[in-house]
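**Q** As input, take final-v4.txt (compact mmCIF, C-alpha atoms):
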```txt
# COMPACT_ATOMS: atom_id res chain seq x y z
CA MET A 1 17.70 25.81 -48.79
CA LYS A 2 19.61 27.95 -51.29
CA ASN A 3 22.88 28.00 -49.32
CA LEU A 4 22.86 24.25 -48.56
CA THR A 5 24.76 21.67 -50.59
CA ALA A 6 22.90 19.10 -52.60
CA LYS A 7 23.82 16.37 -50.08
CA THR A 8 22.54 18.46 -47.17
CA ARG A 9 19.27 19.21 -48.98
CA ILE A 10 18.73 15.51 -49.80
CA ALA A 11 19.54 14.49 -46.22
CA THR A 12 17.11 17.12 -44.89
CA VAL A 13 14.29 15.97 -47.18
CA VAL A 14 14.92 12.27 -46.40
CA GLY A 15 15.07 13.01 -42.67
CA GLY A 16 11.75 14.86 -42.86
CA LEU A 17 10.16 11.98 -44.77
CA VAL A 18 11.43 9.52 -42.15
CA VAL A 19 9.86 11.59 -39.37
CA ILE A 20 6.55 11.88 -41.25
CA GLY A 21 6.61 8.14 -42.03
CA ALA A 22 7.33 7.22 -38.43
CA ALA A 23 4.54 9.46 -37.17
CA THR A 24 2.10 8.01 -39.70
CA THR A 25 3.09 4.43 -38.87
CA GLY A 26 2.78 5.13 -35.16
CA ALA A 27 -0.68 6.60 -35.66
CA LEU A 28 -1.77 3.62 -37.75
CA VAL A 29 -0.46 1.13 -35.20
CA ALA A 30 -2.10 3.05 -32.35
CA ASN A 31 -5.41 3.18 -34.23
CA ALA A 32 -5.27 -0.53 -35.06
CA ALA A 33 -4.72 -1.38 -31.40
CA THR A 34 -7.51 0.94 -30.21
CA PRO A 35 -11.12 -0.26 -30.58
CA ALA A 36 -13.20 2.09 -32.68
CA ALA A 37 -15.49 3.05 -29.78
CA ALA A 38 -12.67 3.72 -27.31
CA PRO A 39 -11.65 7.34 -26.79
CA ALA A 40 -8.09 8.29 -27.54
CA ALA A 41 -5.77 8.12 -24.55
CA ALA A 42 -4.24 11.31 -23.25
CA PRO A 43 -0.61 11.71 -24.21
CA ALA A 44 1.80 10.51 -21.54
CA GLN A 45 3.43 13.29 -19.62
CA ALA A 46 6.78 13.17 -17.96
CA ALA A 47 6.55 12.91 -14.18
CA PRO A 48 7.61 16.05 -12.31
CA LYS A 49 10.98 15.85 -10.60
CA GLY A 50 10.79 14.65 -7.03
CA LEU A 51 7.53 12.75 -7.56
CA VAL A 52 7.29 9.46 -5.69
CA GLN A 53 4.61 6.99 -6.65
CA THR A 54 3.32 4.59 -4.02
CA THR A 55 0.90 1.71 -3.84
CA HIS A 56 -2.10 1.98 -1.57
CA LEU A 57 -4.70 -0.44 -0.32
CA SER A 58 -8.16 0.36 -1.66
CA ILE A 59 -11.07 0.85 0.72
CA ALA A 60 -12.64 -2.33 -0.70
CA ALA A 61 -9.49 -4.31 0.08
CA ALA A 62 -9.28 -2.77 3.56
CA GLN A 63 -12.90 -3.75 4.21
CA LYS A 64 -12.22 -7.29 3.01
CA ALA A 65 -9.18 -7.64 5.29
CA ALA A 66 -10.95 -6.15 8.31
CA GLN A 67 -14.02 -8.30 7.87
CA ALA A 68 -11.91 -11.45 7.48
CA ALA A 69 -10.03 -10.65 10.70
CA LEU A 70 -13.25 -9.92 12.57
CA SER A 71 -14.88 -13.10 11.23
CA ALA A 72 -11.88 -15.19 12.34
CA ALA A 73 -12.16 -13.70 15.83
CA GLU A 74 -15.91 -14.28 15.99
CA LYS A 75 -15.43 -17.89 14.87
CA ALA A 76 -13.00 -18.31 17.79
CA GLY A 77 -15.52 -16.72 20.16
CA GLN A 78 -13.46 -13.56 20.70
CA HIS A 79 -14.70 -9.98 20.89
CA VAL A 80 -12.15 -7.74 19.17
CA SER A 81 -11.66 -4.53 17.27
CA VAL A 82 -9.86 -4.47 13.93
CA ALA A 83 -8.04 -1.51 12.39
CA VAL A 84 -6.53 -1.16 8.92
CA VAL A 85 -4.04 1.65 8.36
CA ASP A 86 -2.35 2.88 5.19
CA ARG A 87 1.37 3.22 4.54
CA ASP A 88 1.47 6.53 6.38
CA GLY A 89 -0.23 5.04 9.44
CA ASN A 90 -3.52 6.81 8.76
CA THR A 91 -6.57 4.77 9.64
CA ILE A 92 -8.48 3.54 6.61
CA LEU A 93 -11.17 1.89 8.70
CA THR A 94 -11.86 0.35 12.09
CA LEU A 95 -14.43 -2.28 13.00
CA ARG A 96 -15.38 -2.72 16.63
CA GLY A 97 -16.85 -6.16 17.08
CA ASP A 98 -19.86 -6.79 19.27
CA GLY A 99 -18.77 -6.93 22.89
CA ALA A 100 -15.20 -5.67 22.23
CA GLY A 101 -13.69 -3.77 25.13
CA PRO A 102 -13.37 0.01 24.95
CA GLN A 103 -9.56 -0.12 24.94
CA SER A 104 -9.48 -2.48 21.96
CA TYR A 105 -10.41 0.20 19.44
CA SER A 106 -7.36 2.44 19.96
CA SER A 107 -5.11 -0.53 20.69
CA ALA A 108 -5.90 -2.07 17.28
CA GLU A 109 -5.05 1.22 15.55
CA GLU A 110 -1.78 1.63 17.47
CA LYS A 111 -0.73 -1.95 16.78
CA ALA A 112 -1.44 -1.50 13.05
CA PHE A 113 0.48 1.81 13.03
CA THR A 114 3.44 0.08 14.70
CA ALA A 115 3.44 -2.83 12.22
CA VAL A 116 3.36 -0.62 9.13
CA SER A 117 5.99 1.75 10.56
CA TRP A 118 8.56 -1.03 10.91
CA ASN A 119 7.18 -3.43 8.27
CA ALA A 120 7.07 -6.28 10.75
CA LYS A 121 4.56 -8.20 12.80
CA THR A 122 4.26 -6.56 16.20
CA SER A 123 5.15 -9.87 17.88
CA GLU A 124 8.55 -9.62 16.17
CA LEU A 125 8.95 -6.01 17.26
CA THR A 126 8.69 -6.85 20.96
CA GLY A 127 12.23 -8.27 20.67
CA ARG A 128 13.47 -4.99 19.24
CA LEU A 129 11.89 -3.21 22.17
CA GLN A 130 14.10 -5.22 24.52
CA GLN A 131 17.13 -4.00 22.57
CA THR A 132 15.94 -0.39 22.36
CA PRO A 133 13.38 0.30 25.12
CA THR A 134 12.90 3.93 24.09
CA LEU A 135 11.00 2.79 20.96
CA LYS A 136 7.92 2.56 23.17
CA ASP A 137 8.12 6.33 23.65
CA ILE A 138 7.21 6.99 20.01
CA LYS A 139 3.72 8.47 19.99
CA GLY A 140 0.99 6.23 18.60
CA THR A 141 2.93 2.96 18.81
CA LEU A 142 2.02 -0.15 20.77
CA PHE A 143 4.53 -2.95 20.98
CA LEU A 144 2.13 -5.80 21.69
CA ALA A 145 1.48 -8.76 19.41
CA GLY A 146 -1.57 -8.36 17.21
CA ALA A 147 -0.72 -6.62 13.95
CA VAL A 148 0.59 -7.75 10.58
CA PRO A 149 1.86 -5.51 7.74
CA VAL A 150 0.54 -5.75 4.18
CA ASP A 151 3.39 -5.77 1.67
CA ALA A 152 3.62 -5.09 -2.05
CA ASN A 153 7.03 -5.99 -3.48
CA ASN A 154 8.57 -6.08 0.02
CA THR A 155 7.31 -2.57 0.74
CA PRO A 156 4.72 -1.97 3.45
CA ILE A 157 1.53 -0.45 2.06
CA ALA A 158 -0.82 -1.06 4.99
CA ALA A 159 -1.28 -3.07 8.18
CA VAL A 160 -4.08 -4.91 9.95
CA GLY A 161 -4.20 -4.60 13.72
CA VAL A 162 -6.41 -6.54 16.11
CA ALA A 163 -6.96 -6.07 19.83
CA GLY A 164 -9.26 -7.53 22.44
CA ALA A 165 -8.52 -11.25 22.57
CA PRO A 166 -6.99 -12.64 25.77
CA SER A 167 -3.57 -12.93 24.09
CA GLY A 168 -1.60 -11.07 21.49
CA THR A 169 -0.94 -14.37 19.76
CA GLN A 170 -4.65 -14.74 19.10
CA ASP A 171 -4.95 -11.11 18.01
CA GLU A 172 -2.11 -11.62 15.57
CA SER A 173 -3.61 -14.81 14.14
CA PHE A 174 -6.82 -12.86 13.42
CA ALA A 175 -4.81 -10.03 11.83
CA GLN A 176 -2.99 -12.59 9.70
CA ALA A 177 -6.35 -13.97 8.56
CA GLY A 178 -7.20 -10.45 7.39
CA VAL A 179 -3.96 -10.08 5.46
CA ASP A 180 -4.34 -13.57 3.98
CA ALA A 181 -7.83 -12.66 2.69
CA LEU A 182 -6.23 -10.05 0.42
CA GLY A 183 -4.53 -12.79 -1.57
CA LYS A 184 -7.81 -14.56 -2.33
```
Just give me the structure of the file as structure tokens.
**A**
Amino acid sequence: MKNLTAKTRIATVVGGLVVIGAATTGALVANAATPAAAPAAAPAQAAPKGLVQTTHLSIAAAQKAAQAALSAAEKAGQHVSVAVVDRDGNTILTLRGDGAGPQSYSSAEEKAFTAVSWNAKTSELTGRLQQTPTLKDIKGTLFLAGAVPVDANNTPIAAVGVAGAPSGTQDESFAQAGVDALGK
């Protein structure tokens, strides 16, 4: 500090005191807001470049949706399979109801995959198929009514697919019951 002017030395000391004061105040405020028994939180780290955060449906929520869809079908006297897929189209779980046909299992998964891929009910996607018939050639898709996407902030995070009822309209109503159960 010998070569610095008096103003520069005063400014440096005051600046250091401000930093120390701010750090002390921040620590006091943080400690006042933290219960005595709670462990200190880890310091926040900056997210790496290129990191994308997404929202996913928990297994508990997927089970709740699947069971609600299956229960709605059973109440209507229908034997169906229910599939819940995540945002990437990976199956979270599948329930095959008593008496459901063997084709219903994979059909429910493919319907759910289709719904989450385009963030639309599969009944709505059948119209798109008329416009672009080659969509049906995409592996793993099934453009039949019976699946409903699960959205979070207008972004698809999952889908519920149902297959096995005599009509896609019924399948879709059961899938909708599953999605609706998530809001309860």
**Q** With all atoms listed in the file counted and 12 Å as the cut-off, give the residues of range 53-143 of chain A in contact with range 172-177 of chain A, each with its shortest interatomic distance in Å and the pair that gives it, as a Markdown table.
**A**
```
| residue | atom | partner | partner_atom | distance |
| --- | --- | --- | --- | --- |
| A:Ala62 | CA | A:Ala175 | CA | 11.9 |
| A:Lys64 | CA | A:Ala177 | CA | 10.5 |
| A:Ala65 | CA | A:Ala177 | CA | 7.7 |
| A:Ala66 | CA | A:Ala175 | CA | 8.1 |
| A:Gln67 | CA | A:Ala177 | CA | 9.6 |
| A:Ala68 | CA | A:Ala177 | CA | 6.2 |
| A:Ala69 | CA | A:Phe174 | CA | 4.8 |
| A:Leu70 | CA | A:Phe174 | CA | 7.1 |
| A:Ser71 | CA | A:Phe174 | CA | 8.4 |
| A:Ala72 | CA | A:Phe174 | CA | 5.7 |
| A:Ala73 | CA | A:Phe174 | CA | 5.9 |
| A:Glu74 | CA | A:Phe174 | CA | 9.6 |
| A:Lys75 | CA | A:Phe174 | CA | 10.1 |
| A:Ala76 | CA | A:Phe174 | CA | 9.3 |
| A:Gly77 | CA | A:Phe174 | CA | 11.7 |
| A:Gln78 | CA | A:Phe174 | CA | 9.9 |
| A:His79 | CA | A:Phe174 | CA | 11.2 |
| A:Val80 | CA | A:Phe174 | CA | 9.4 |
| A:Ser81 | CA | A:Ala175 | CA | 10.3 |
| A:Val82 | CA | A:Ala175 | CA | 7.8 |
| A:Ala83 | CA | A:Ala175 | CA | 9.1 |
| A:Val84 | CA | A:Ala175 | CA | 9.5 |
| A:Ala108 | CA | A:Ala175 | CA | 9.7 |
| A:Glu109 | CA | A:Ala175 | CA | 11.9 |
| A:Lys111 | CA | A:Glu172 | CA | 9.8 |
| A:Ala112 | CA | A:Ala175 | CA | 9.3 |
| A:Ala115 | CA | A:Glu172 | CA | 10.9 |
| A:Ala120 | CA | A:Glu172 | CA | 11.7 |
| A:Lys121 | CA | A:Glu172 | CA | 8.0 |
| A:Thr122 | CA | A:Glu172 | CA | 8.2 |
| A:Ser123 | CA | A:Glu172 | CA | 7.8 |
| A:Glu124 | CA | A:Glu172 | CA | 10.9 |
```
**Q** In Å, how far is it from CA of His56 in chain A to CA of Gly146 in chain A?
**A** 21.4 Å
**Q** Give me, please, the distance in Å between CA of Val116 in chain A and CA of Ser167 in chain A, quoted to one decimal.
**A**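 Answer for the CA of Val116 in chain A to CA of Ser167 in chain A separation: 20.6 Å.
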**Q** So how far away is CA of Asp151 in chain A from CA of Thr91 in chain A, in Å?
**A**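 Between CA of Thr91 in chain A and CA of Asp151 in chain A the gap is 16.5 Å.
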**Q** Could you list, as a ChimeraX atom specification, every residue within 10 Å of Trp118 in chain A, counting all atoms listed in the file and ignoring same-chain residues fewer than 5 positions away?
**A** /A:113,125,149,156
**Q** Would you mind telling me which residue in A:Ala152, A:Leu135, A:Ala147, A:Val52 lies nearest to Val85 in chain A when using only C-alpha atoms?
**A**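 Once distances to Val85 in chain A are computed over only C-alpha atoms, the minimum belongs to A:Ala147.
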**Q** Of the candidates A:Leu93, A:Ala100, A:Ile138, A:Leu144, which shows the shortest atom-to-atom distance to Val160 in chain A, using all atoms listed in the file?
**A** A:Leu93
